[in-house]
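Asks: I'd like to ask you about the structure that follows.
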Amino acid sequence: MRNQFRVVDFIVDFLRRQDVGHVFGVGGANIEDLYDAMEHAESGPLGVVAKHEFSAATMADGYHRASQRLPVIAATSGAGAMNLVPGIAELRASFVPALVLIGQPPTSLDGRGSFQETSGLAGSIDAERLFGEIAVHCVRVGDPESITAALPRALAAALDPAAPGPAVLLLPKDVQQAVLPAWDAPGPPELTPSELSSAAERERAVGLLLSAGERQGVVVIAGEAVARADARPQLARLVRALGARVAVAPDAKDVFDDRDPRHLGIAGVIGTADVQEALEQASAVVLAGTRLPQMAGAGLHDHLKGSPVVCIDPRPPFLEPHEDLVRLTGPLADEMTVLTEELMARNAPDETPGAGPAAGPAAGPGAAGPELRPRSAESAPPPPDPSPSGPLDMRTAATVVGAALPEGATVVSDAGNTGATVIHHVGVPVDGRFIVAMGMGGMGHSFGAGIGAAFATGRRTCVFAGDGAFFMHGMEVHTAVEHRLPVTFVIFNNNSHGMCHTREQLFFSGDYTYNLFRPARIGEGAAAMFPGLDAVTATTPDELRTALARAEATRSPSLICVEVDPTEMPPFRPFQQHAMAVGKSRPINQGVVPG
């Protein structure tokens, strides 16, 4: 225990008081004092060193999405700070709160051409201006005493209920090292509570929904904010009160039970024609925790211009205002609870003993709507059992892995062809989570996010990524090995940038490619690089099942490379529609979703 309390000691003590468990980052000269403070603190967060600052940010991302726990990121100045930019941008775009601590050169060197200077003086890059654009809050701490107010304010900005996101503090090295005089330990940040919408707006919403329920019924599109607010139970009760069916945004796959007969599938460009048809035929649409961005609402925005829409979200939707658009802008869970109570007061709920969200139709406003069918979602009808010794494609591999996932597991997928396949063909494990970053959609996000999720939950995490993503940020496997985390990395290796190659073939002449590469032996390479890592290549369903069983039997990380065909069409509706429209002739296999 030190006799003097430095600024970095104050920061670590503050993080301890907020129950912060981990700080994800990469060290360097201008942030090393923070790591020293973590090491010498009697208790406090564990410093986790990533291989790259982008992955440190994605670790924080997965950490929060899997558990709602507060993540903290630490990085040094110069390139270390710049490497955070795409990760912080994803946090901002996906409304994920995080506290970001970035070291800076000593203030005495500002404007003097110091190494890695970003003071904004003498023509240097202005880090405060840069991060102020991509974070919800950014402050440069110019003197030691300022930290006692700046740190709680930054945390409050990150946790703002209306618009959470990353909050950045720029910490010059001399400020970090300075000894603080007497100070009072700050308490939890004071958050301004959001108010519920007016009774008049809620009455309008109830009226629209009751009227719609008497016709074709209501469909709910549930988004990522349901997970962020931990409002899954409130969503389930609202759906039952409405007698509604549910489609989920691509990055919100785990917010509604995909085994429930009311579950339609994925909305938007990754969704199926059946889901799109159900949304278009609905008499009213409820947007619960989504603004309906392009990936979730492509093809719907024009259709909804004149349709009754109730948006339950503090953020404005990406829809043109119209007479039948009602916004409920208070806290998501509270708004859904109050709306459910008012709907149930108008329509007596089903009192059958044991009835629950998955128990079938309720006597709500949507009960007169379309008959509930077994979900025509992305994975129905189920694929035939693959031959144990037959070849693997992405759909078959995803189905095999999904069937082997234990209860409570977290699924983390990269975007692109891999993400489209996994979103469709891997279900959410019971009591598990499903994470995919759709804000910036950066390749390689899943490696750090999966590691962060494993730190947060301590449970088995399964990461799905393509070989392109692996070559960008797959060396974070080393972090999982160092900490013996229960992460299974499944790499779909098609020796290409798969989605880019698909686009070349579909939208251009198809007689050239920049996106097919020489073969790489990822499984064998990882096994040689990381002694003790169970890394293999699976070429058949049986080999894949054996590798998965071996991984599940340990608490250690593993890597399974699955060789797949770069011509496999992902279940991405715009690709398939275009291929049919122009009569493109290219191999299309089981990865295609009809319609």
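Quick note on naming: the chains in the structure tokens go A, B, ... in the order shown, residues restart at 1 in each chain, and ligands are numbered from 1 in order of appearance.
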Write out as a tab-separated table (two decimals) with N, CA, C and O atoms, in the first residue's frame each polymer residue whose atoms come within 7 Å of Pro314 in chain A, counting only C-alpha atoms; drop sequence neighbours fewer than 2 positions from it.
Replies:
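Contents of the output file around.tsv:
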chain	number	residue	atom	x	y	z
A	162	ALA	N	-30.64	7.70	-21.94
A	162	ALA	CA	-31.19	8.02	-23.25
A	162	ALA	C	-30.23	7.70	-24.38
A	162	ALA	O	-30.65	7.29	-25.47
A	316	PRO	N	-35.21	8.65	-31.67
A	316	PRO	CA	-36.18	8.76	-32.77
A	316	PRO	C	-35.95	7.66	-33.80
A	316	PRO	O	-34.80	7.32	-34.11
A	329	THR	N	-41.20	7.47	-25.26
A	329	THR	CA	-39.77	7.78	-25.19
A	329	THR	C	-39.16	7.62	-23.80
A	329	THR	O	-38.01	8.01	-23.59
A	330	GLY	N	-39.89	7.07	-22.87
A	330	GLY	CA	-39.33	6.87	-21.54
A	330	GLY	C	-38.44	5.65	-21.48
A	330	GLY	O	-38.13	5.03	-22.51
Asks: Please identify all polymer residues within 9 Å of Ser413 in chain A, counting only C-alpha atoms, omitting same-chain residues fewer than 3 positions from it, and present them as a PyMOL selection string.
Replies: chain A and resi 418-419+422-423+434-437+445-447+449-450+462-465
Asks: List the neighbours of Gln276 in chain A out to 9 Å using only C-alpha atoms; skip same-chain residues closer than 5 positions along the sequence, and give me the result as number ranges by chain.
Replies: A: 267-268, 271, 281, 299-300
Asks: Taking the DSSP secondary structure from the backbone, can you list the residues of range 224-340 of chain A that are strand (DSSP E or B), as a list in words?
Replies: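 Output for range 224-340 of chain A, strand (DSSP E or B) only: Arg245, Val246, Ala247, Val248, His263, Leu264, Gly265, Ile266, Ala284, Val285, Val286, Leu287, Ala288, Val309, Val310, Cys311, Ile312, Leu325, Val326, Arg327 and Leu328 of chain A.
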Asks: How many Å separate CA of Val564 in chain A from CA of Asn494 in chain A?
Replies: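 Between these atoms lies a distance of 4.9 Å.
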Asks: Find the residues near Arg484 in chain A: any atom within 10 Å, counting only C-alpha atoms, skip ones fewer than 5 places away on the same chain, and give them as a list of chain:residue names.
Replies: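 Surrounding residues, per the criterion: A:His478, A:Thr479, A:Leu533, A:Thr554, A:Arg555, A:Ser556, A:Pro557, A:Ser558.
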Asks: For the residues in that selection, give me N, CA, C and O atoms as a PDB file, in the first residue's frame.
Replies:
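Done, and the output landed in result-v2.pdb:
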ATOM      1  N   HIS A 478      -4.364 -15.585 -28.665  1.00  0.00           N
ATOM      2  CA  HIS A 478      -3.282 -15.603 -27.672  1.00  0.00           C
ATOM      3  C   HIS A 478      -3.765 -15.116 -26.313  1.00  0.00           C
ATOM      4  O   HIS A 478      -3.372 -15.661 -25.264  1.00  0.00           O
ATOM      5  N   THR A 479      -4.640 -14.086 -26.287  1.00  0.00           N
ATOM      6  CA  THR A 479      -5.175 -13.582 -25.021  1.00  0.00           C
ATOM      7  C   THR A 479      -6.016 -14.643 -24.329  1.00  0.00           C
ATOM      8  O   THR A 479      -5.941 -14.823 -23.107  1.00  0.00           O
ATOM      9  N   LEU A 533      -2.822 -25.200 -27.153  1.00  0.00           N
ATOM     10  CA  LEU A 533      -4.132 -24.872 -27.708  1.00  0.00           C
ATOM     11  C   LEU A 533      -4.627 -26.053 -28.536  1.00  0.00           C
ATOM     12  O   LEU A 533      -3.933 -26.541 -29.422  1.00  0.00           O
ATOM     13  N   THR A 554     -13.348 -29.244 -21.352  1.00  0.00           N
ATOM     14  CA  THR A 554     -12.301 -28.519 -20.639  1.00  0.00           C
ATOM     15  C   THR A 554     -12.769 -27.101 -20.321  1.00  0.00           C
ATOM     16  O   THR A 554     -13.832 -26.672 -20.742  1.00  0.00           O
ATOM     17  N   ARG A 555     -11.949 -26.370 -19.585  1.00  0.00           N
ATOM     18  CA  ARG A 555     -12.177 -24.947 -19.348  1.00  0.00           C
ATOM     19  C   ARG A 555     -11.215 -24.108 -20.177  1.00  0.00           C
ATOM     20  O   ARG A 555     -11.058 -22.906 -19.933  1.00  0.00           O
ATOM     21  N   SER A 556     -10.601 -24.705 -21.168  1.00  0.00           N
ATOM     22  CA  SER A 556      -9.556 -24.036 -21.942  1.00  0.00           C
ATOM     23  C   SER A 556     -10.085 -23.603 -23.306  1.00  0.00           C
ATOM     24  O   SER A 556     -11.117 -24.094 -23.773  1.00  0.00           O
ATOM     25  N   PRO A 557      -9.360 -22.717 -23.975  1.00  0.00           N
ATOM     26  CA  PRO A 557      -9.782 -22.324 -25.317  1.00  0.00           C
ATOM     27  C   PRO A 557      -9.470 -23.401 -26.343  1.00  0.00           C
ATOM     28  O   PRO A 557      -8.616 -24.273 -26.117  1.00  0.00           O
ATOM     29  N   SER A 558     -10.155 -23.327 -27.459  1.00  0.00           N
ATOM     30  CA  SER A 558      -9.890 -24.234 -28.574  1.00  0.00           C
ATOM     31  C   SER A 558     -10.177 -23.495 -29.872  1.00  0.00           C
ATOM     32  O   SER A 558     -10.869 -22.467 -29.883  1.00  0.00           O
TER      33      SER A 558
END
Asks: Set the distance at 8 Å and use only C-alpha atoms: which residues neighbour Arg69 in chain A once local chain neighbours fewer than 3 positions away are removed? I'd like the list as a list in words.
Replies: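 With the cut-off at 8 Å, the set is Val20, Tyr63, His64 and Ala456 of chain A.
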Asks: Would you please extract all helix (DSSP H, G or I) residues from range 126-337 of chain A, as assigned by DSSP on the backbone, and give them as a tab-separated table (two decimals) with C-alpha atoms, in the first residue's frame?
Replies:
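The result, stored in states.tsv:
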chain	number	residue	atom	x	y	z
A	127	ALA	CA	-7.17	14.11	-29.67
A	128	GLU	CA	-9.89	15.88	-27.68
A	129	ARG	CA	-11.57	17.02	-30.88
A	130	LEU	CA	-11.09	13.65	-32.56
A	131	PHE	CA	-12.55	11.56	-29.76
A	132	GLY	CA	-15.19	14.18	-29.08
A	133	GLU	CA	-16.62	13.33	-32.50
A	134	ILE	CA	-16.84	9.56	-32.00
A	144	PRO	CA	-4.58	16.63	-11.04
A	145	GLU	CA	-7.44	18.03	-8.95
A	146	SER	CA	-9.81	17.96	-11.92
A	147	ILE	CA	-9.89	14.16	-11.93
A	148	THR	CA	-12.18	14.01	-8.88
A	149	ALA	CA	-14.99	15.66	-10.86
A	150	ALA	CA	-14.03	14.61	-14.39
A	151	LEU	CA	-14.16	10.87	-13.70
A	152	PRO	CA	-17.71	10.74	-12.25
A	153	ARG	CA	-18.93	13.07	-15.02
A	154	ALA	CA	-17.44	10.81	-17.68
A	155	LEU	CA	-19.08	7.75	-16.14
A	156	ALA	CA	-22.44	9.52	-15.96
A	157	ALA	CA	-22.14	10.43	-19.65
A	158	ALA	CA	-21.32	6.84	-20.57
A	173	LYS	CA	1.41	11.37	-17.91
A	174	ASP	CA	2.38	14.07	-15.39
A	175	VAL	CA	-1.26	14.40	-14.33
A	176	GLN	CA	-1.48	10.64	-13.79
A	177	GLN	CA	1.65	10.68	-11.62
A	199	ALA	CA	-50.74	9.51	-20.74
A	200	ALA	CA	-52.13	11.03	-23.94
A	201	GLU	CA	-49.42	9.47	-26.11
A	202	ARG	CA	-49.83	6.13	-24.39
A	203	GLU	CA	-53.59	6.32	-24.94
A	204	ARG	CA	-52.95	6.93	-28.65
A	205	ALA	CA	-50.69	3.88	-28.75
A	206	VAL	CA	-53.27	1.69	-27.01
A	207	GLY	CA	-55.98	2.83	-29.41
A	208	LEU	CA	-53.87	2.08	-32.50
A	209	LEU	CA	-52.88	-1.34	-31.20
A	210	LEU	CA	-56.39	-2.36	-30.18
A	211	SER	CA	-57.72	-1.34	-33.58
A	212	ALA	CA	-54.95	-3.23	-35.37
A	213	GLY	CA	-55.57	-6.34	-33.30
A	224	GLU	CA	-30.76	-4.40	-29.44
A	225	ALA	CA	-31.91	-1.89	-26.82
A	226	VAL	CA	-34.07	-4.63	-25.25
A	227	ALA	CA	-30.87	-6.49	-24.38
A	228	ARG	CA	-29.11	-3.33	-23.25
A	232	ARG	CA	-36.52	-9.35	-22.14
A	233	PRO	CA	-39.23	-10.26	-19.56
A	234	GLN	CA	-41.07	-6.98	-20.20
A	235	LEU	CA	-40.93	-7.63	-23.95
A	236	ALA	CA	-42.34	-11.16	-23.52
A	237	ARG	CA	-45.24	-9.86	-21.42
A	238	LEU	CA	-46.03	-7.10	-23.92
A	239	VAL	CA	-46.03	-9.59	-26.80
A	240	ARG	CA	-48.44	-11.84	-24.94
A	241	ALA	CA	-50.74	-8.95	-24.05
A	242	LEU	CA	-50.81	-7.93	-27.71
A	250	PRO	CA	-30.09	-8.95	-36.74
A	251	ASP	CA	-28.16	-7.70	-33.70
A	252	ALA	CA	-30.98	-8.59	-31.30
A	273	ALA	CA	-39.36	-13.32	-47.54
A	274	ASP	CA	-41.82	-14.89	-45.06
A	275	VAL	CA	-40.78	-12.47	-42.31
A	276	GLN	CA	-40.96	-9.52	-44.69
A	277	GLU	CA	-44.45	-10.59	-45.79
A	278	ALA	CA	-45.66	-10.88	-42.20
A	279	LEU	CA	-44.37	-7.39	-41.43
A	280	GLU	CA	-45.98	-5.90	-44.52
A	281	GLN	CA	-49.35	-7.55	-43.80
A	294	GLN	CA	-31.27	-0.24	-42.71
A	295	MET	CA	-30.10	-3.70	-41.64
A	296	ALA	CA	-33.32	-4.23	-39.66
A	297	GLY	CA	-35.79	-2.37	-41.83
A	303	HIS	CA	-44.33	0.60	-46.47
A	304	LEU	CA	-44.60	2.00	-42.94
A	305	LYS	CA	-45.09	5.61	-44.04
A	306	GLY	CA	-48.85	5.26	-43.80
A	332	LEU	CA	-37.75	1.03	-22.35
A	333	ALA	CA	-38.57	-1.52	-19.65
A	334	ASP	CA	-40.89	0.91	-17.83
A	335	GLU	CA	-42.70	1.95	-21.02
A	336	MET	CA	-43.34	-1.66	-21.99
A	337	THR	CA	-44.56	-2.49	-18.48
Asks: To one decimal place in Å, what is the distance between CA of Gly532 in chain A and CA of Arg460 in chain A?
Replies: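 Separation between CA of Gly532 in chain A and CA of Arg460 in chain A: 18.0 Å.
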